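This is target.cif (mmCIF, C-alpha atoms and all ligand atoms).
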data_query
loop_
_atom_site.label_atom_id
_atom_site.label_comp_id
_atom_site.auth_asym_id
_atom_site.auth_seq_id
_atom_site.Cartn_x
_atom_site.Cartn_y
_atom_site.Cartn_z
CA MET U 1 -6.48 -19.24 26.50
CA ARG U 2 -6.65 -15.55 25.65
CA HIS U 3 -3.44 -15.92 23.70
CA LEU U 4 -4.85 -18.90 21.82
CA SER U 5 -8.07 -17.12 20.80
CA LEU U 6 -6.06 -14.14 19.58
CA SER U 7 -3.90 -16.38 17.42
CA VAL U 8 -6.98 -18.19 16.09
CA MET U 9 -8.54 -14.82 15.28
CA PHE U 10 -5.38 -13.77 13.46
CA VAL U 11 -5.39 -16.97 11.42
CA LEU U 12 -9.07 -16.46 10.61
CA CYS U 13 -8.54 -12.87 9.46
CA PHE U 14 -5.57 -13.85 7.39
CA SER U 15 -7.53 -16.75 5.94
CA LEU U 16 -10.42 -14.49 4.98
CA THR U 17 -8.08 -12.06 3.26
CA ALA U 18 -6.42 -14.89 1.36
CA CYS U 19 -9.82 -16.32 0.38
CA ALA U 20 -11.04 -12.97 -0.86
CA GLU U 21 -7.97 -12.64 -3.02
CA PHE U 22 -8.25 -16.21 -4.27
CA ALA U 23 -11.94 -15.89 -5.11
CA GLY U 24 -11.34 -12.67 -7.07
CA ALA U 25 -12.65 -13.32 -10.54
CA TYR U 26 -10.18 -12.86 -13.34
CA ALA U 27 -11.41 -10.93 -16.36
CA ALA U 28 -10.53 -13.04 -19.39
CA ASP U 29 -9.46 -11.51 -22.68
CA ASP U 30 -13.03 -10.92 -23.85
CA GLY U 31 -13.94 -9.19 -20.58
CA LYS U 32 -16.02 -12.04 -19.16
CA GLU U 33 -14.97 -12.99 -15.66
CA ILE U 34 -13.98 -16.47 -14.58
CA ASP U 35 -12.68 -17.83 -11.28
CA VAL U 36 -9.43 -19.72 -11.74
CA VAL U 37 -9.59 -22.87 -9.59
CA ILE U 38 -5.96 -23.75 -8.90
CA HIS U 39 -6.74 -26.69 -6.60
CA PRO U 40 -10.00 -28.40 -7.60
CA GLU U 41 -11.76 -30.36 -4.87
CA ARG U 42 -10.55 -33.96 -4.38
CA ASP U 43 -11.93 -36.82 -2.30
CA ASP U 44 -9.94 -38.72 0.36
CA ASP U 45 -8.45 -40.96 -2.34
CA GLY U 46 -7.21 -37.92 -4.27
CA ARG U 47 -9.79 -38.25 -7.05
CA LEU U 48 -11.34 -35.10 -8.47
CA VAL U 49 -14.83 -34.37 -7.19
CA PRO U 50 -17.03 -33.71 -10.26
CA VAL U 51 -18.64 -30.29 -10.67
CA GLN U 52 -22.34 -31.01 -11.25
CA LYS U 53 -24.73 -28.46 -12.72
CA THR U 54 -27.97 -28.67 -14.65
CA ALA U 55 -28.13 -27.67 -18.30
CA ASP U 56 -30.00 -24.49 -17.27
CA GLU U 57 -27.25 -23.57 -14.81
CA TRP U 58 -24.58 -24.06 -17.47
CA ARG U 59 -26.63 -22.04 -19.96
CA ALA U 60 -26.76 -19.14 -17.53
CA GLU U 61 -22.97 -19.14 -17.09
CA LEU U 62 -21.70 -19.88 -20.58
CA THR U 63 -22.05 -18.12 -23.91
CA ASP U 64 -24.15 -19.97 -26.51
CA THR U 65 -21.00 -21.10 -28.33
CA GLU U 66 -19.30 -22.28 -25.14
CA PHE U 67 -22.43 -24.21 -24.19
CA TYR U 68 -22.59 -25.84 -27.62
CA ILE U 69 -18.93 -26.93 -27.44
CA LEU U 70 -18.61 -27.88 -23.77
CA ARG U 71 -22.04 -29.32 -22.98
CA GLU U 72 -23.23 -30.57 -26.39
CA LYS U 73 -19.87 -31.86 -27.67
CA GLY U 74 -19.86 -29.34 -30.50
CA THR U 75 -16.93 -28.43 -32.74
CA GLU U 76 -16.03 -24.93 -33.86
CA ARG U 77 -14.99 -24.47 -37.49
CA ALA U 78 -11.22 -24.54 -37.99
CA PHE U 79 -9.52 -21.11 -37.79
CA THR U 80 -12.69 -19.47 -36.37
CA GLY U 81 -12.27 -20.12 -32.63
CA ARG U 82 -10.32 -18.50 -29.83
CA TYR U 83 -6.56 -18.96 -29.43
CA HIS U 84 -5.74 -21.07 -32.51
CA ASP U 85 -2.98 -18.61 -33.48
CA SER U 86 -2.20 -17.23 -30.01
CA LYS U 87 1.42 -17.32 -28.83
CA GLU U 88 0.96 -15.49 -25.53
CA ASP U 89 2.62 -16.69 -22.33
CA GLY U 90 0.15 -18.05 -19.78
CA VAL U 91 -2.28 -20.80 -18.90
CA TYR U 92 -5.50 -22.01 -20.52
CA VAL U 93 -8.24 -22.89 -18.03
CA CYS U 94 -11.59 -24.63 -18.59
CA ALA U 95 -14.20 -22.09 -19.75
CA GLY U 96 -16.77 -24.08 -17.76
CA CYS U 97 -15.21 -24.53 -14.32
CA GLY U 98 -11.92 -22.56 -14.31
CA VAL U 99 -9.57 -25.51 -13.71
CA PRO U 100 -6.13 -25.14 -15.36
CA LEU U 101 -5.90 -27.43 -18.41
CA TYR U 102 -2.93 -26.41 -20.59
CA ASP U 103 0.23 -24.33 -20.24
CA SER U 104 1.20 -22.15 -23.22
CA GLU U 105 4.62 -23.84 -23.04
CA ALA U 106 2.98 -27.06 -24.31
CA LYS U 107 1.16 -25.23 -27.16
CA PHE U 108 2.41 -25.76 -30.70
CA ASP U 109 1.38 -24.68 -34.16
CA SER U 110 -0.34 -27.75 -35.60
CA GLY U 111 -1.61 -25.91 -38.68
CA THR U 112 -5.07 -27.41 -38.06
CA GLY U 113 -6.84 -24.19 -37.05
CA TRP U 114 -7.47 -25.40 -33.50
CA PRO U 115 -5.31 -24.69 -30.44
CA SER U 116 -3.05 -27.71 -29.98
CA TYR U 117 -1.01 -28.87 -26.98
CA TYR U 118 1.29 -31.84 -26.44
CA GLU U 119 0.28 -32.36 -22.79
CA ALA U 120 -2.10 -31.24 -20.03
CA ILE U 121 -0.79 -28.92 -17.30
CA VAL U 122 -1.85 -31.50 -14.64
CA ALA U 123 -2.27 -35.01 -16.09
CA ASP U 124 -5.58 -35.88 -14.44
CA HIS U 125 -7.26 -32.53 -15.19
CA VAL U 126 -7.92 -33.84 -18.71
CA GLY U 127 -9.93 -37.07 -19.03
CA GLU U 128 -10.31 -39.37 -22.06
CA ASN U 129 -13.30 -41.25 -23.50
CA VAL U 130 -13.64 -43.49 -26.55
CA ASP U 131 -15.69 -41.64 -29.20
CA ARG U 132 -17.26 -43.78 -31.95
CA SER U 133 -19.32 -40.99 -33.55
CA HIS U 134 -19.19 -40.14 -37.28
CA GLY U 135 -18.04 -43.67 -38.18
CA MET U 136 -14.62 -43.10 -36.60
CA ARG U 137 -12.91 -44.33 -33.47
CA ARG U 138 -11.35 -41.34 -31.78
CA THR U 139 -10.34 -40.42 -28.24
CA GLU U 140 -12.40 -37.58 -26.87
CA ILE U 141 -10.80 -35.31 -24.27
CA VAL U 142 -12.87 -33.69 -21.52
CA CYS U 143 -12.28 -31.45 -18.54
CA ALA U 144 -12.06 -34.07 -15.79
CA CYS U 145 -13.69 -31.70 -13.27
CA CYS U 146 -16.87 -30.62 -15.09
CA ASP U 147 -16.94 -33.24 -17.88
CA GLY U 148 -16.96 -30.44 -20.45
CA HIS U 149 -16.05 -31.54 -23.99
CA LEU U 150 -12.67 -30.13 -25.11
CA GLY U 151 -11.87 -31.94 -28.37
CA HIS U 152 -9.84 -35.04 -29.27
CA VAL U 153 -6.32 -36.35 -28.69
CA PHE U 154 -4.22 -37.91 -31.45
CA ASN U 155 -0.87 -39.69 -31.56
CA ASP U 156 0.73 -37.47 -34.21
CA GLY U 157 1.98 -34.69 -31.93
CA PRO U 158 5.52 -33.41 -31.40
CA ARG U 159 8.04 -34.45 -28.78
CA PRO U 160 8.30 -35.01 -25.89
CA THR U 161 4.93 -36.81 -25.70
CA GLY U 162 3.98 -37.42 -29.35
CA LYS U 163 0.41 -36.41 -28.40
CA ARG U 164 -1.71 -33.76 -30.07
CA HIS U 165 -4.51 -32.44 -27.89
CA CYS U 166 -6.73 -30.79 -30.51
CA VAL U 167 -8.95 -28.43 -28.50
CA ASN U 168 -11.87 -26.17 -29.32
CA GLY U 169 -10.82 -22.63 -28.37
CA TYR U 170 -14.30 -21.91 -27.01
CA SER U 171 -13.83 -24.56 -24.33
CA LEU U 172 -10.88 -22.58 -22.94
CA ARG U 173 -10.08 -19.27 -21.28
CA PHE U 174 -6.62 -17.75 -21.41
CA VAL U 175 -5.06 -16.32 -18.24
CA ASP U 176 -1.77 -14.46 -18.70
CA ARG U 177 1.27 -15.67 -16.76
CA ASP U 178 1.36 -12.85 -14.17
CA ALA U 179 -2.34 -13.16 -13.34
CA TYR U 180 -2.05 -16.95 -13.14
CA GLU U 181 1.00 -16.84 -10.86
CA ALA U 182 -0.77 -14.32 -8.59
CA GLN U 183 -3.82 -16.62 -8.32
CA LYS U 184 -1.55 -19.60 -7.68
CA ALA U 185 0.36 -17.78 -4.91
CA ALA U 186 -2.94 -16.79 -3.27
CA ALA U 187 -4.13 -20.42 -3.46
CA GLU U 188 -0.89 -21.67 -1.85
CA VAL U 189 -1.27 -19.15 0.97
CA LYS U 190 -4.81 -20.38 1.51
CA VAL U 191 -3.69 -24.01 1.72
CA GLU U 192 -0.93 -23.08 4.20
CA VAL U 193 -3.29 -21.03 6.32
CA ASN U 194 -5.84 -23.85 6.37
CA ALA U 195 -3.16 -26.27 7.57
CA GLU U 196 -2.19 -23.79 10.32
CA SER U 197 -5.80 -23.34 11.27
CA ASP U 198 -6.22 -27.15 11.57
CA GLN U 199 -3.24 -27.23 13.92
CA ALA U 200 -4.71 -24.46 16.02
CA ALA U 201 -8.00 -26.39 16.22
CA SER U 202 -6.30 -29.62 17.29
CA ALA U 203 -4.23 -27.74 19.92
CA GLU U 204 -7.41 -26.63 21.66
ZN ZN S 1 -14.18 -27.80 -16.51
#
Starting from the file, give its structure as structure tokens.
Amino acid sequence: MRHLSLSVMFVLCFSLTACAEFAGAYAADDGKEIDVVIHPERDDDGRLVPVQKTADEWRAELTDTEFYILREKGTERAFTGRYHDSKEDGVYVCAGCGVPLYDSEAKFDSGTGWPSYYEAIVADHVGENVDRSHGMRRTEIVCACCDGHLGHVFNDGPRPTGKRHCVNGYSLRFVDRDAYEAQKAAAEVKVEVNAESDQAASAE
């Protein structure tokens, strides 16, 4: 019994350390901090659990421009937003909830003045809605976790998908490759430790 409690304590300590590391906010390129959420919450059927916040809560967390784009389906003027000409190696996460959306490896120069990607980093992190505004029929893309507006997807992109995700830079945050990999490793450790801790609980 004594042995078991010691091992549970060890797992708990280790888990706390891993959590602390995982929860460490990452300072994005403009200095504002954001938590990168490697594994967003999912229900028993594997569907993403929506992040729900009031408009006031979003306003408190986002800049005015981010709020306008993400929560009011705004559009930044071409060539004026973040990242449209960035070629850095890393991952773009949602500026609202921190979920990874696009890898820089899928970014291409579309010449449109908006950051463009041929695919999402995890397929179901980006959701699609039919958008009939402005007398057009377009496909809106949103962050599937917080329902934040990202932009639109078109069928004139490059190989291998032929898709062009045309995204407002202010809906994204860039995390460089090393920082992203460190967050990912910490998240994997946390998942492993949780599994171990479940085993310890069921052994009791
Ligand atoms: Zn989001």
**Request:** Residues within 6 Å of ligand ZN 1 (chain S) should be enumerated using all atoms listed in the file and returned as a PyMOL selection string.
**Result:** chain U and resi 94+96-97+99+143+145-146+148
Suppose we keep C-alpha atoms; can you now write the selection as an mmCIF file, in the frame of the given file?
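Everything below was put into again-v7.cif:
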data_model
loop_
_atom_site.group_PDB
_atom_site.id
_atom_site.type_symbol
_atom_site.label_atom_id
_atom_site.label_comp_id
_atom_site.auth_asym_id
_atom_site.auth_seq_id
_atom_site.Cartn_x
_atom_site.Cartn_y
_atom_site.Cartn_z
ATOM 1 C CA CYS U 94 -11.590 -24.630 -18.590
ATOM 2 C CA GLY U 96 -16.770 -24.080 -17.760
ATOM 3 C CA CYS U 97 -15.210 -24.530 -14.320
ATOM 4 C CA VAL U 99 -9.570 -25.510 -13.710
ATOM 5 C CA CYS U 143 -12.280 -31.450 -18.540
ATOM 6 C CA CYS U 145 -13.690 -31.700 -13.270
ATOM 7 C CA CYS U 146 -16.870 -30.620 -15.090
ATOM 8 C CA GLY U 148 -16.960 -30.440 -20.450
#
**Distance query U:Tyr118 at most 7 Å, only C-alpha atoms, self and fewer than 6 positions along chain excluded, as a count of residues only** = 9
**Asked** Around (1.3, -11.7, -23.3) in the file's own coordinates, what residues are found within 8 Å if you use only C-alpha atoms, given back as a list of chain:residue names?
**Response** U:Lys87, U:Glu88, U:Asp89, U:Gly90, U:Asp176, U:Arg177
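Closest approach to U:Pro160 among U:Glu57, U:Asp198, U:Glu119, U:Asp131: U:Glu119, based on all atoms listed in the file.
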**Asked** Skipping near chain neighbours, those fewer than 3 positions away, what residues fall within 12 Å of U:Gly74 using all atoms listed in the file, listed as a list in words?
**Response** Asp64, Thr65, Glu66, Phe67, Tyr68, Ile69, Leu70, Arg71, Arg77, Glu140, Gly148, His149, Leu150, Gly151, His152, Val167, Asn168, Gly169, Tyr170 and Ser171 of chain U
**Request:** Could you give me, as a PyMOL selection string, the residues within 10 Å of U:Arg47, counting all atoms listed in the file and dropping anything in the same chain fewer than 5 positions from it?
**Result:** chain U and resi 40-42+124+144-145
**Message:** (-5.6, -34.4, -20.6) in this file's frame - what residues fall within 9 Å of it? Use all atoms listed in the file and give the answer as a PyMOL selection string.
**Reply:** chain U and resi 101-102+119-128+141-144+153+165
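Put simply, atom CA of U:Ala179 is 23.8 Å away from atom CA of U:Val51.
One distance worth recording is that between atom CA of U:Tyr180 and atom CA of U:Gln52, which is 24.8 Å.
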First collect every listed atom of stretch 111-124 of chain U; then fit an axis-aligned box around them, widen it by 3 Å on each side, and give centre and edge lengths in Å to one decimal, as JSON.
{"center_x": -3.1, "center_y": -30.0, "center_z": -26.6, "size_x": 14.8, "size_y": 17.7, "size_z": 30.2}
